[in-house]
>>> print(open('start_34.pdb').read())   # PDB, C-alpha atoms, pLDDT in the B column
ATOM      1  CA  MET A   1     -41.174 -63.198 -23.370  1.00 57.00           C
ATOM      2  CA  PRO A   2     -38.803 -63.940 -20.510  1.00 58.00           C
ATOM      3  CA  ARG A   3     -38.081 -61.198 -18.043  1.00 60.00           C
ATOM      4  CA  LEU A   4     -34.442 -60.061 -17.864  1.00 57.00           C
ATOM      5  CA  ARG A   5     -32.865 -59.737 -14.518  1.00 55.00           C
ATOM      6  CA  PRO A   6     -30.499 -56.855 -13.687  1.00 56.00           C
ATOM      7  CA  ALA A   7     -26.782 -57.625 -13.971  1.00 52.00           C
ATOM      8  CA  ASP A   8     -26.340 -57.325 -10.188  1.00 50.00           C
ATOM      9  CA  ASP A   9     -28.725 -60.186  -9.613  1.00 52.00           C
ATOM     10  CA  GLN A  10     -26.773 -62.464 -11.959  1.00 55.00           C
ATOM     11  CA  GLY A  11     -23.516 -61.904 -10.122  1.00 55.00           C
ATOM     12  CA  HIS A  12     -21.975 -59.904 -12.932  1.00 55.00           C
ATOM     13  CA  GLU A  13     -21.065 -56.232 -12.922  1.00 58.00           C
ATOM     14  CA  SER A  14     -22.520 -54.029 -15.556  1.00 57.00           C
ATOM     15  CA  PRO A  15     -20.415 -51.197 -17.035  1.00 58.00           C
ATOM     16  CA  ARG A  16     -23.159 -48.845 -15.950  1.00 58.00           C
ATOM     17  CA  ASP A  17     -22.646 -49.743 -12.298  1.00 56.00           C
ATOM     18  CA  ASN A  18     -19.619 -47.421 -11.960  1.00 60.00           C
ATOM     19  CA  VAL A  19     -21.437 -44.408 -13.398  1.00 61.00           C
ATOM     20  CA  PRO A  20     -22.741 -42.149 -10.643  1.00 62.00           C
ATOM     21  CA  VAL A  21     -26.402 -41.278 -10.832  1.00 61.00           C
ATOM     22  CA  PRO A  22     -27.299 -37.743  -9.789  1.00 66.00           C
ATOM     23  CA  GLY A  23     -29.322 -37.724  -6.607  1.00 64.00           C
ATOM     24  CA  ARG A  24     -28.588 -41.393  -5.831  1.00 62.00           C
ATOM     25  CA  ARG A  25     -26.863 -42.104  -2.552  1.00 65.00           C
ATOM     26  CA  ARG A  26     -24.341 -44.881  -2.307  1.00 61.00           C
ATOM     27  CA  ARG A  27     -25.346 -47.924  -0.332  1.00 60.00           C
ATOM     28  CA  ALA A  28     -23.185 -49.076   2.536  1.00 58.00           C
ATOM     29  CA  ASP A  29     -22.839 -52.520   0.965  1.00 55.00           C
ATOM     30  CA  ASP A  30     -21.831 -51.115  -2.422  1.00 53.00           C
ATOM     31  CA  ASN A  31     -18.515 -52.742  -3.328  1.00 53.00           C
ATOM     32  CA  ARG A  32     -17.401 -50.126  -5.851  1.00 52.00           C
ATOM     33  CA  THR A  33     -14.316 -48.122  -4.906  1.00 52.00           C
ATOM     34  CA  ALA A  34     -15.117 -44.517  -4.197  1.00 51.00           C
ATOM     35  CA  ALA A  35     -13.233 -41.932  -6.210  1.00 50.00           C
ATOM     36  CA  LYS A  36     -11.049 -39.626  -4.186  1.00 51.00           C
ATOM     37  CA  ALA A  37     -13.329 -36.752  -3.193  1.00 52.00           C
ATOM     38  CA  GLY A  38     -12.320 -33.242  -4.212  1.00 54.00           C
ATOM     39  CA  GLY A  39      -8.908 -34.004  -5.772  1.00 63.00           C
ATOM     40  CA  TRP A  40      -9.006 -31.548  -8.669  1.00 68.00           C
ATOM     41  CA  ARG A  41     -11.439 -29.237  -6.927  1.00 74.00           C
ATOM     42  CA  ARG A  42      -8.818 -28.311  -4.319  1.00 78.00           C
ATOM     43  CA  LEU A  43      -6.203 -27.191  -6.867  1.00 79.00           C
ATOM     44  CA  PRO A  44      -7.688 -23.730  -7.642  1.00 82.00           C
ATOM     45  CA  VAL A  45      -8.124 -23.031  -3.938  1.00 83.00           C
ATOM     46  CA  LEU A  46      -4.540 -24.037  -3.196  1.00 84.00           C
ATOM     47  CA  LEU A  47      -3.279 -21.883  -6.078  1.00 86.00           C
ATOM     48  CA  MET A  48      -5.245 -18.884  -4.831  1.00 87.00           C
ATOM     49  CA  VAL A  49      -3.853 -19.328  -1.315  1.00 87.00           C
ATOM     50  CA  ALA A  50      -0.290 -19.602  -2.672  1.00 88.00           C
ATOM     51  CA  VAL A  51      -0.688 -16.478  -4.836  1.00 89.00           C
ATOM     52  CA  GLY A  52      -2.236 -14.595  -1.909  1.00 89.00           C
ATOM     53  CA  LEU A  53       0.677 -15.493   0.363  1.00 89.00           C
ATOM     54  CA  LEU A  54       3.154 -14.428  -2.324  1.00 88.00           C
ATOM     55  CA  VAL A  55       1.431 -11.051  -2.744  1.00 88.00           C
ATOM     56  CA  LEU A  56       1.407 -10.590   1.032  1.00 88.00           C
ATOM     57  CA  VAL A  57       5.146 -11.296   1.264  1.00 86.00           C
ATOM     58  CA  PHE A  58       5.935  -8.793  -1.508  1.00 84.00           C
ATOM     59  CA  ALA A  59       3.727  -6.162   0.134  1.00 82.00           C
ATOM     60  CA  VAL A  60       5.432  -6.588   3.514  1.00 79.00           C
ATOM     61  CA  VAL A  61       8.897  -6.403   1.936  1.00 76.00           C
ATOM     62  CA  GLY A  62       7.868  -3.300  -0.034  1.00 70.00           C
ATOM     63  CA  VAL A  63       6.531  -1.504   3.041  1.00 64.00           C
ATOM     64  CA  MET A  64       9.627  -2.384   5.063  1.00 65.00           C
ATOM     65  CA  THR A  65      11.912  -1.136   2.283  1.00 61.00           C
ATOM     66  CA  TYR A  66       9.889   2.058   1.922  1.00 55.00           C
ATOM     67  CA  GLN A  67       9.956   2.788   5.651  1.00 54.00           C
ATOM     68  CA  SER A  68      13.661   2.048   6.044  1.00 50.00           C
ATOM     69  CA  SER A  69      14.636   4.248   3.100  1.00 50.00           C
ATOM     70  CA  GLY A  70      14.768   7.374   5.268  1.00 46.00           C
ATOM     71  CA  PRO A  71      13.337  10.796   4.574  1.00 51.00           C
ATOM     72  CA  GLN A  72      12.019  11.532   1.111  1.00 76.00           C
ATOM     73  CA  LEU A  73      12.629  15.285   1.283  1.00 76.00           C
ATOM     74  CA  THR A  74      15.824  16.843   2.584  1.00 80.00           C
ATOM     75  CA  MET A  75      16.492  20.537   2.903  1.00 84.00           C
ATOM     76  CA  VAL A  76      19.519  21.774   0.999  1.00 85.00           C
ATOM     77  CA  GLU A  77      19.026  25.427   1.925  1.00 89.00           C
ATOM     78  CA  GLY A  78      16.336  27.488   3.643  1.00 90.00           C
ATOM     79  CA  SER A  79      15.708  31.147   4.374  1.00 91.00           C
ATOM     80  CA  ARG A  80      12.893  33.283   5.744  1.00 92.00           C
ATOM     81  CA  ASP A  81      11.731  36.834   5.151  1.00 92.00           C
ATOM     82  CA  THR A  82      10.989  38.702   8.355  1.00 90.00           C
ATOM     83  CA  SER A  83       8.217  41.133   9.148  1.00 88.00           C
ATOM     84  CA  PRO A  84       8.740  44.423  11.059  1.00 89.00           C
ATOM     85  CA  GLN A  85       7.441  42.645  14.205  1.00 87.00           C
ATOM     86  CA  GLY A  86      10.207  40.039  13.905  1.00 86.00           C
ATOM     87  CA  GLY A  87       7.935  37.296  12.607  1.00 89.00           C
ATOM     88  CA  THR A  88       8.091  35.402   9.320  1.00 90.00           C
ATOM     89  CA  THR A  89       6.198  36.479   6.193  1.00 91.00           C
ATOM     90  CA  SER A  90       7.558  33.796   3.854  1.00 92.00           C
ATOM     91  CA  VAL A  91       9.911  30.818   3.795  1.00 92.00           C
ATOM     92  CA  THR A  92      11.988  29.848   0.755  1.00 92.00           C
ATOM     93  CA  LEU A  93      13.279  26.286   0.607  1.00 91.00           C
ATOM     94  CA  ASN A  94      15.634  24.380  -1.662  1.00 89.00           C
ATOM     95  CA  LEU A  95      14.722  20.715  -1.291  1.00 86.00           C
ATOM     96  CA  ARG A  96      16.052  17.465  -2.716  1.00 85.00           C
ATOM     97  CA  ALA A  97      13.562  14.664  -3.172  1.00 79.00           C
ATOM     98  CA  ALA A  98      14.323  10.950  -3.087  1.00 78.00           C
ATOM     99  CA  ALA A  99      12.438   8.574  -5.373  1.00 64.00           C
ATOM    100  CA  ASP A 100       9.165   7.314  -3.971  1.00 55.00           C
ATOM    101  CA  SER A 101       8.343   5.108  -6.944  1.00 57.00           C
ATOM    102  CA  PRO A 102      10.220   2.810  -9.311  1.00 60.00           C
ATOM    103  CA  GLY A 103      12.081   4.505 -12.136  1.00 65.00           C
ATOM    104  CA  GLY A 104      13.331   7.421 -10.054  1.00 72.00           C
ATOM    105  CA  GLN A 105      10.203   9.548 -10.412  1.00 72.00           C
ATOM    106  CA  VAL A 106       8.929  11.727  -7.593  1.00 74.00           C
ATOM    107  CA  SER A 107       5.311  12.788  -7.576  1.00 75.00           C
ATOM    108  CA  GLY A 108       2.737  13.557  -4.967  1.00 78.00           C
ATOM    109  CA  LYS A 109       1.171  16.136  -2.727  1.00 84.00           C
ATOM    110  CA  TYR A 110       3.272  17.157   0.258  1.00 86.00           C
ATOM    111  CA  TYR A 111       2.191  19.208   3.281  1.00 90.00           C
ATOM    112  CA  PHE A 112       4.710  21.645   4.741  1.00 91.00           C
ATOM    113  CA  LEU A 113       4.107  22.539   8.385  1.00 92.00           C
ATOM    114  CA  PHE A 114       5.783  25.734   9.615  1.00 93.00           C
ATOM    115  CA  SER A 115       5.876  26.574  13.307  1.00 93.00           C
ATOM    116  CA  ALA A 116       7.012  29.661  15.199  1.00 92.00           C
ATOM    117  CA  GLY A 117       6.169  30.685  18.744  1.00 88.00           C
ATOM    118  CA  THR A 118       2.738  29.248  19.528  1.00 89.00           C
ATOM    119  CA  ARG A 119       1.410  29.088  15.965  1.00 91.00           C
ATOM    120  CA  THR A 120       1.649  26.500  13.207  1.00 91.00           C
ATOM    121  CA  THR A 121       0.583  26.945   9.595  1.00 91.00           C
ATOM    122  CA  VAL A 122       0.238  24.394   6.817  1.00 92.00           C
ATOM    123  CA  ALA A 123       0.969  24.827   3.116  1.00 90.00           C
ATOM    124  CA  ASP A 124       0.706  22.166   0.451  1.00 88.00           C
ATOM    125  CA  ALA A 125       2.713  21.649  -2.728  1.00 86.00           C
ATOM    126  CA  ASN A 126       2.671  19.154  -5.563  1.00 84.00           C
ATOM    127  CA  VAL A 127       6.125  17.778  -6.244  1.00 80.00           C
ATOM    128  CA  VAL A 128       6.740  16.190  -9.652  1.00 78.00           C
ATOM    129  CA  GLY A 129      10.090  15.362 -11.245  1.00 76.00           C
ATOM    130  CA  ARG A 130      13.169  13.173 -11.172  1.00 78.00           C
ATOM    131  CA  ALA A 131      14.732  12.025  -7.923  1.00 77.00           C
ATOM    132  CA  GLY A 132      17.859  13.871  -6.813  1.00 79.00           C
ATOM    133  CA  VAL A 133      16.950  17.143  -8.509  1.00 80.00           C
ATOM    134  CA  VAL A 134      16.855  20.169  -6.204  1.00 84.00           C
ATOM    135  CA  PHE A 135      13.693  22.231  -6.450  1.00 83.00           C
ATOM    136  CA  ARG A 136      12.948  25.656  -4.989  1.00 89.00           C
ATOM    137  CA  GLN A 137       9.651  26.640  -3.409  1.00 89.00           C
ATOM    138  CA  THR A 138       8.500  29.780  -1.593  1.00 93.00           C
ATOM    139  CA  PHE A 139       5.723  29.497   0.989  1.00 92.00           C
ATOM    140  CA  PHE A 140       3.881  32.533   2.311  1.00 92.00           C
ATOM    141  CA  THR A 141       3.246  32.370   6.050  1.00 91.00           C
ATOM    142  CA  PRO A 142       1.045  35.338   7.085  1.00 90.00           C
ATOM    143  CA  ASP A 143      -0.050  33.436  10.238  1.00 91.00           C
ATOM    144  CA  LEU A 144       3.543  33.641  11.524  1.00 91.00           C
ATOM    145  CA  ALA A 145       4.067  37.367  10.808  1.00 90.00           C
ATOM    146  CA  ASN A 146       3.606  38.308  14.481  1.00 90.00           C
ATOM    147  CA  GLU A 147       5.550  35.341  15.911  1.00 90.00           C
ATOM    148  CA  PRO A 148       9.174  36.349  16.516  1.00 89.00           C
ATOM    149  CA  GLY A 149      12.049  33.905  16.401  1.00 88.00           C
ATOM    150  CA  PRO A 150      13.198  31.041  14.224  1.00 92.00           C
ATOM    151  CA  VAL A 151      10.851  28.885  12.168  1.00 93.00           C
ATOM    152  CA  THR A 152      10.836  25.111  12.414  1.00 93.00           C
ATOM    153  CA  PHE A 153       9.284  23.002   9.684  1.00 91.00           C
ATOM    154  CA  TRP A 154       8.728  19.428   8.618  1.00 91.00           C
ATOM    155  CA  VAL A 155       7.009  17.759   5.682  1.00 89.00           C
ATOM    156  CA  GLU A 156       4.200  15.203   5.728  1.00 88.00           C
ATOM    157  CA  GLN A 157       2.331  13.088   3.214  1.00 83.00           C
ATOM    158  CA  ARG A 158      -1.287  12.177   3.850  1.00 82.00           C
ATOM    159  CA  ASP A 159      -3.275   9.276   2.523  1.00 78.00           C
ATOM    160  CA  GLY A 160      -6.802   9.284   3.909  1.00 79.00           C
ATOM    161  CA  ASP A 161      -6.476   9.007   7.691  1.00 82.00           C
ATOM    162  CA  SER A 162      -2.811   8.008   7.474  1.00 82.00           C
ATOM    163  CA  VAL A 163      -0.151  10.708   7.966  1.00 83.00           C
ATOM    164  CA  SER A 164       3.527   9.993   7.500  1.00 81.00           C
ATOM    165  CA  ARG A 165       6.407  12.372   8.105  1.00 83.00           C
ATOM    166  CA  VAL A 166       8.753  12.386   5.105  1.00 82.00           C
ATOM    167  CA  SER A 167      11.448  14.752   6.381  1.00 84.00           C
ATOM    168  CA  PRO A 168      13.305  15.535   9.552  1.00 87.00           C
ATOM    169  CA  THR A 169      12.430  18.685  11.491  1.00 89.00           C
ATOM    170  CA  TYR A 170      14.507  21.659  10.338  1.00 90.00           C
ATOM    171  CA  THR A 171      15.027  25.076  11.969  1.00 91.00           C
ATOM    172  CA  ILE A 172      15.541  28.241   9.945  1.00 90.00           C
ATOM    173  CA  PRO A 173      17.092  31.009  12.102  1.00 89.00           C
TER     174      PRO A 173
END
>>> encode(input="start_34.pdb", output="structure tokens")
Amino acid sequence: MPRLRPADDQGHESPRDNVPVPGRRRRADDNRTAAKAGGWRRLPVLLMVAVGLLVLVFAVVGVMTYQSSGPQLTMVEGSRDTSPQGGTTSVTLNLRAAADSPGGQVSGKYYFLFSAGTRTTVADANVVGRAGVVFRQTFFTPDLANEPGPVTFWVEQRDGDSVSRVSPTYTIP
């Protein structure tokens, strides 16, 4: 029985010559055209990069809009109850909240810092409701009962180690 020679030896190309064999390295003298390496493999990476850049742009625009929106809480009216020593036993505030989320809803924990003389006290309050509505809150300030004079206050929001002031500083005579 005669021995068959491979197609390469006869000068003809076999259809199997263009099929890559796993683990086989291409020879330098191989005359087959190499397929473009990584064409379709790059598409998911490029899509992920594009989506990541888009998310980054929206986040930056959102933060800039949030920071340029001004204070979230504004005092409409404020009063304090005085102690016999001339200090402050409680502070009553009427506040208007701006929306801090889409849809005009206000919700979150706010920290009210009251200062008189050399002392400062902190009280927290959960604010929930519609933006633009005025709400009334009374804060008891026994630490300021012996500190005569007006009370200054401001409001902060805290998120982990981040503290942001969400109101101007007000003075209640």
>>> resolve_selection(input="start_34.pdb", expression="the PyMOL selection byres ((chain A and resi 81-95) around 7)", output="JSON, numbers by chain")
{"A": [73, 74, 75, 76, 77, 78, 79, 80, 96, 97, 134, 135, 136, 137, 138, 139, 140, 141, 142, 144, 145, 146, 147, 148, 149]}
>>> residues_around(input="start_34.pdb", residues="Thr169 in chain A", least_positions_apart="4", cutoff="7 Å", atoms="all atoms listed in the file", output="PyMOL selection string")
chain A and resi 152-154
>>> write_last_selection(input="start_34.pdb", atoms="C-alpha atoms", output="compact mmCIF listing (two decimals), in the coordinates of the input")
# COMPACT_ATOMS: atom_id res chain seq x y z
CA THR A 152 10.84 25.11 12.41
CA PHE A 153 9.28 23.00 9.68
CA TRP A 154 8.73 19.43 8.62
>>> closest_residue(input="start_34.pdb", among="A:Val57, A:Leu113, A:Val122, A:Leu46", to="Tyr170 in chain A", atoms="all atoms listed in the file")
A:Leu113
>>> residues_around(input="start_34.pdb", residues="Pro150 in chain A", least_positions_apart="6", cutoff="7 Å", atoms="only C-alpha atoms", output="VMD selection string")
chain A and resid 116 171 to 173
>>> resolve_selection(input="start_34.pdb", expression="the PyMOL selection byres ((chain A and resi 167) around 6)", output="PyMOL selection string")
chain A and resi 71+73+154-155+165-166+168
>>> atom_distance(input="start_34.pdb", atom1="CA of Asp124 in chain A", atom2="CA of Gly62 in chain A")
26.5 Å
>>> atom_distance(input="start_34.pdb", atom1="CA of Ser164 in chain A", atom2="CA of Val60 in chain A")
17.2 Å
>>> closest_residue(input="start_34.pdb", among="A:Val61, A:Ala98, A:Val133, A:Val163", to="Tyr111 in chain A", atoms="all atoms listed in the file")
A:Val163
>>> atom_distance(input="start_34.pdb", atom1="CA of Asn126 in chain A", atom2="CA of Tyr110 in chain A")
6.2 Å
